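Written out below as structure tokens is the structure these notes cover.
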Amino acid sequence: MLDGARGMRLSLQDVSVRYGARLALDGIRLEARGGEVLALIGPNGSGKSTLLRAVAGLQRHGGRVTMDGATPDATGFMPQDNGARAALTVLETVLLGRRRALGWRVPQAELARASDMLRRLGIAALADRLLGELSGGQRQMVFLAQVLAAEPALLLLDEPTSALDIRHALSLLALVRELTRARDLVTIIAIHDLNAAARFADRIALLCEGRLLADGAPRSVLTEATIARAYGVEAHVHAAPDGHLAISPCRALAAA
Ligand SMILES: Nc1ncnc2c1ncn2[C@@H]1O[C@H](COP(=O)(O)OP(=O)(O)OP(=O)(O)O)[C@@H](O)[C@H]1O
Ligand SMILES: [Mg+2]
């Protein structure tokens with residue numbers, strides 16, 4: 001790739017969010033670069049979904065979110081719980097992600113693109129099934145297919161693997177990383193699985209009570225001391241046989 005072809009960059013400058021009197025995000029400064037997967041981790045209620053919604057432009061916030069090199073409508077956001085159960089088939093749902101590009105008649109190329117995304121996610125066999133008649137994990141994969149088929153420049157996924165079995169979770173994260181690199185996407189994934197974050201993320205940002213506690217390479221963020229501080233959990237951090245970082249949570253520490 002030519003120099004300068006890369007260079008998409010998302011910046012958060014002092015982003016804060018209040019829900020009434022409660023400060024849910026407090027002065028977040030963070031950068032995400034094109035071609036890299038940024039994992040957003042942190043305990044329940046630490047502000048991950050709030051941050052993704054603020055970046056997606058769906059949440060009023062203080063501070064600034066800026067994206068160089070892409071138009072704002074190129075954002076693909078998959079919420080944590082998208083309660084949608086519309087009477088649509090799987091294929092129609094994926095096509096909806098391309099609605100800006102489509103008129104009333106769906107060109108063959110669009111059908112092929114949607115079908116290809118279903119195939120890459122391993123759910124091609126579901127194409128004609130109704131959304132409301134799928135399992136929770138199947139539905140989660142359909143919404144991921146919808147977001148990816150729209151070819152966003154900024155990809156925001158809120159716990160995209162929370163309902164998936166280990167095989168589907170691994171292949172989904174591998175696909176997201178592959179697309180991120182191939183298309184130079186800025187990708188942020190909120191995720192609870194620290195092992196998945198260690199394996200698939202280029203960088204990890206750790207939120208705790210609305211503040212950014214750590215940000216950097218998986219190895220620098222996922223230390224035993226930081227995990228104890230953020231989660232109140234004793235964990236062993238070691239090298240897996242293939243050299244990847246592995247985290248074995250052992251026990252919840254008594255509250256301080
Ligand atoms: N619409 C809302 N109104 C008021 N408070 C909210 C609202 N949404 C979230 N909060 C609060 O803001 C804080 C951050 O919530 P958020 O959903 O961003 O956390 P999270 O890190 O995504 O948690 P989880 O891991 O459970 O998904 C929590 O204390 C939550 O109770
Ligand atoms: Mg959340």
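Ligands are numbered from 1 in the order shown, residues from 1 within each chain, and chains are lettered A, B, ... in the order they appear in the structure tokens.
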
task = Residues within 7 Å of ligand 2, counting only C-alpha atoms and all ligand atoms: report them as an MDAnalysis selection string.
result = chainID A and resid 44:45 47:49 80 158

request  = Name the residues of region 76-177 of chain A that fall into strand (DSSP E or B) according to DSSP on the backbone, using the chain letters and numbers of this document, as a PyMOL selection string.
outcome  = chain A and resi 76-78+89+130+154-158

query = Could you state the separation of CA of Arg199 (chain A) and CA of Ala239 (chain A) in Å, given to one decimal place?
reply =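 Taking CA of Arg199 (chain A) as the start and CA of Ala239 (chain A) as the end point, the length is 11.2 Å.
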
task = Return as a PyMOL selection string the residues of protein, DNA or RNA that approach ligand 1 to within 9 Å, with only C-alpha atoms and all ligand atoms taken into account.
result = chain A and resi 17-20+22-25+40-53+80+158-159+190-192+207-210

query = Just how far from CA of Ala153 (chain A) is CA of Leu185 (chain A), in Å to one decimal?
reply =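 Computed distance, CA of Leu185 (chain A) to CA of Ala153 (chain A), equals 5.0 Å.
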
Selection: 9 Å around region 164-169 of chain A, only C-alpha atoms, excl. self and same-chain fewer than 5 positions, as a CSV table (one decimal) with C-alpha atoms, in the first residue's frame:
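Contents of result15.csv, as written:
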```csv
chain,number,residue,atom,x,y,z
A,121,LEU,CA,-19.8,-15.4,8.8
A,122,GLY,CA,-20.8,-19.0,8.3
A,136,GLY,CA,-29.8,-15.2,20.1
A,137,GLY,CA,-26.4,-16.0,18.7
A,138,GLN,CA,-27.7,-16.4,15.1
A,140,GLN,CA,-26.2,-11.4,16.7
A,141,MET,CA,-24.3,-12.7,13.6
A,174,ALA,CA,-10.7,-13.0,12.9
A,196,ALA,CA,-10.1,-12.6,23.0
```

task = Determine which residues of region 109-243 of chain A DSSP labels as helix (DSSP H, G or I) from the backbone of this structure, then write them out as number ranges by chain.
result = A: 109-120, 124-126, 131-133, 136-149, 166-183, 194-200, 218-221, 224-231

note = As a check of understanding: the span from CA of Asp215 (chain A) to CA of Phe143 (chain A) is 28.3 Å

task = Name the closest residue to Thr161 (chain A) among the candidates A:Pro218, A:Gly132, A:Gly62, A:Pro79; distances are taken between atoms, counting only C-alpha atoms.
result =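 Checking each candidate against Thr161 (chain A), we get A:Pro79 as the closest.
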
inquiry  = Give me, as number ranges by chain, all polymer residues having an atom no more than 12 Å from Arg120 (chain A), counting only C-alpha atoms and skipping those fewer than 6 positions away in the same chain.
reply    = A: 113-114, 141-142, 144-145, 148-149, 168, 171-176, 178-179

task = Tell me which protein, DNA and RNA residues are within 7 Å of Ile28 (chain A), counting only C-alpha atoms, leaving out same-chain ones fewer than 3 positions away, and put them as a list of chain:residue names.
result =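 Close residues of Ile28 (chain A): A:Leu12, A:Gln13, A:Asp14, A:Val15, A:Ser16, A:Leu25, A:Arg211, A:Leu212.
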
request  = Within 8 Å of Cys250 (chain A), counting only C-alpha atoms, which residues show up once you throw out same-chain ones fewer than 2 positions away? Write them as a list in words, please.
outcome  =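 Here the qualifying residues turn out to be Val233, Glu234, Ala235, His236, Ser248 and Ala252 of chain A.
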